[in-house]
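S.K.: Okay, here's the structure, questions in a sec.
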Amino acid sequence: MLFGKRVEIFGPFTVLVPGGVRLGRNVAINHGVFLNGGCGIEIGDDAVLSARCMIIDVGLDPSTFGETIAYRNAPIRIGSRAWIGASAIILPGVTIGDGAIIGAGSVVTRDVPQGQTWAGNPARALPTRS
């Protein structure tokens, strides 16, 4: 696991494959966070991982259920200043853009553009306010 400067850890968390995880500067990791790391997880500067969120870069491909089950293994990138809400789940191959916000309990199955707020299961963009 490669840590940038001033990574803040607020309680125990789990990393299955530490060599596959890179953390930027000033990243905050709250208690109960789960990072897989089998395919690669990159977290940008000033990002926040809230309590019990899960970043899973290796897993079953749900599109193959009912058939021969296949795995979807793909790296995950979380941009700078992104905030991942409590108990959110980020699935393989997803990129969370810089400054994006993921609501608590959301399941993110596809890329989130920078600066957007997404929530739900599956997560979808929320309307912006002026």
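Residue names in the structure tokens use chain letters A, B, ... in the order shown, residue numbers from 1 in each chain, and ligand numbers from 1 in the order shown.
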Looking only at strand (DSSP E or B) from DSSP on the backbone, list the matching residues of stretch 27-91 of chain A as a PyMOL selection string.
M.R.: chain A and resi 28-30+34-35+41-43+48-49+54-55+58-60+71-73+76-78+83-84+89-90
S.K.: Need to verify the contact set: stretch 87-104 of chain A, 7 Å, only C-alpha atoms, exclusion of same-chain residues closer than 6 positions in sequence. Can you return it as an NGL selection string?
M.R.: :A and (51-58 or 72-81 or 110-119)
S.K.: Nearest residue to A:Leu35 out of A:Ala125, A:Phe13, A:Ala70, A:Ala47, using only C-alpha atoms?
M.R.: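 Among A:Ala125, A:Phe13, A:Ala70, A:Ala47, it is A:Phe13 that comes nearest to A:Leu35.
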S.K.: Could you check which of A:Ala82, A:Val107, A:Val21, A:Ala28 is closest to A:Val7, using only C-alpha atoms?
M.R.: A:Ala28
S.K.: Tell me, in Å to one decimal, how far atom CA of A:Ser50 is from atom CA of A:Val27.
M.R.: 10.8 Å
S.K.: Which of these residues is nearest to A:Gly85, using only C-alpha atoms: A:Thr109, A:Asn30, A:Ile43, A:Gly37?
M.R.: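 Checking each of A:Thr109, A:Asn30, A:Ile43, A:Gly37 against A:Gly85, counting only C-alpha atoms, the winner is A:Asn30.
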S.K.: Using DSSP assignments from the backbone, pull out every residue in stretch 3-113 of chain A that falls under helix (DSSP H, G or I) and give it to me as a ChimeraX atom specification.
M.R.: /A:18-20,62-64
S.K.: Please write the residues from the selection above to a file, keeping N, CA and C atoms, as a PDB file, in the first residue's frame.
M.R.:
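The resulting file, part_3.pdb, is shown below:
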```pdb
ATOM      1  N   PRO A  18      -2.708  -5.177  -0.222  1.00  0.00           N
ATOM      2  CA  PRO A  18      -2.149  -3.837  -0.022  1.00  0.00           C
ATOM      3  C   PRO A  18      -1.293  -3.332  -1.177  1.00  0.00           C
ATOM      4  N   GLY A  19      -0.604  -4.216  -1.881  1.00  0.00           N
ATOM      5  CA  GLY A  19       0.252  -3.790  -2.984  1.00  0.00           C
ATOM      6  C   GLY A  19      -0.512  -3.175  -4.135  1.00  0.00           C
ATOM      7  N   GLY A  20      -1.821  -3.373  -4.193  1.00  0.00           N
ATOM      8  CA  GLY A  20      -2.625  -2.839  -5.281  1.00  0.00           C
ATOM      9  C   GLY A  20      -3.327  -1.543  -4.966  1.00  0.00           C
ATOM     10  N   PRO A  62     -22.384  -9.326 -12.460  1.00  0.00           N
ATOM     11  CA  PRO A  62     -23.809  -9.612 -12.294  1.00  0.00           C
ATOM     12  C   PRO A  62     -24.536  -9.869 -13.606  1.00  0.00           C
ATOM     13  N   SER A  63     -23.989  -9.423 -14.733  1.00  0.00           N
ATOM     14  CA  SER A  63     -24.650  -9.663 -16.024  1.00  0.00           C
ATOM     15  C   SER A  63     -24.586 -11.129 -16.423  1.00  0.00           C
ATOM     16  N   THR A  64     -23.773 -11.936 -15.739  1.00  0.00           N
ATOM     17  CA  THR A  64     -23.655 -13.356 -16.087  1.00  0.00           C
ATOM     18  C   THR A  64     -24.453 -14.263 -15.153  1.00  0.00           C
TER      19      THR A  64
END
```
S.K.: Using only C-alpha atoms, which residues sit within 8 Å of A:Asn121 once same-chain residues fewer than 4 positions away are excluded, as a ChimeraX atom specification?
M.R.: /A:105-108
S.K.: Using the selection just defined, write its residues with all heavy atoms as a PDB file, in the first residue's frame.
M.R.:
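Saved file result-v2.pdb follows:
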```pdb
ATOM      1  N   GLY A 105     -24.748   4.695   1.217  1.00  0.00           N
ATOM      2  CA  GLY A 105     -25.486   3.490   0.850  1.00  0.00           C
ATOM      3  C   GLY A 105     -25.622   3.251  -0.641  1.00  0.00           C
ATOM      4  O   GLY A 105     -26.279   2.300  -1.056  1.00  0.00           O
ATOM      5  N   SER A 106     -25.006   4.060  -1.463  1.00  0.00           N
ATOM      6  CA  SER A 106     -25.126   3.913  -2.915  1.00  0.00           C
ATOM      7  C   SER A 106     -24.289   2.747  -3.424  1.00  0.00           C
ATOM      8  O   SER A 106     -23.291   2.380  -2.810  1.00  0.00           O
ATOM      9  CB  SER A 106     -24.663   5.197  -3.607  1.00  0.00           C
ATOM     10  OG  SER A 106     -25.477   6.279  -3.234  1.00  0.00           O
ATOM     11  N   VAL A 107     -24.701   2.191  -4.560  1.00  0.00           N
ATOM     12  CA  VAL A 107     -23.934   1.159  -5.249  1.00  0.00           C
ATOM     13  C   VAL A 107     -23.573   1.724  -6.619  1.00  0.00           C
ATOM     14  O   VAL A 107     -24.446   1.942  -7.463  1.00  0.00           O
ATOM     15  CB  VAL A 107     -24.732  -0.156  -5.392  1.00  0.00           C
ATOM     16  CG1 VAL A 107     -23.915  -1.185  -6.159  1.00  0.00           C
ATOM     17  CG2 VAL A 107     -25.135  -0.688  -4.025  1.00  0.00           C
ATOM     18  N   VAL A 108     -22.284   1.972  -6.826  1.00  0.00           N
ATOM     19  CA  VAL A 108     -21.820   2.631  -8.052  1.00  0.00           C
ATOM     20  C   VAL A 108     -21.343   1.564  -9.024  1.00  0.00           C
ATOM     21  O   VAL A 108     -20.377   0.860  -8.764  1.00  0.00           O
ATOM     22  CB  VAL A 108     -20.708   3.657  -7.753  1.00  0.00           C
ATOM     23  CG1 VAL A 108     -20.296   4.369  -9.032  1.00  0.00           C
ATOM     24  CG2 VAL A 108     -21.170   4.645  -6.702  1.00  0.00           C
TER      25      VAL A 108
END
```
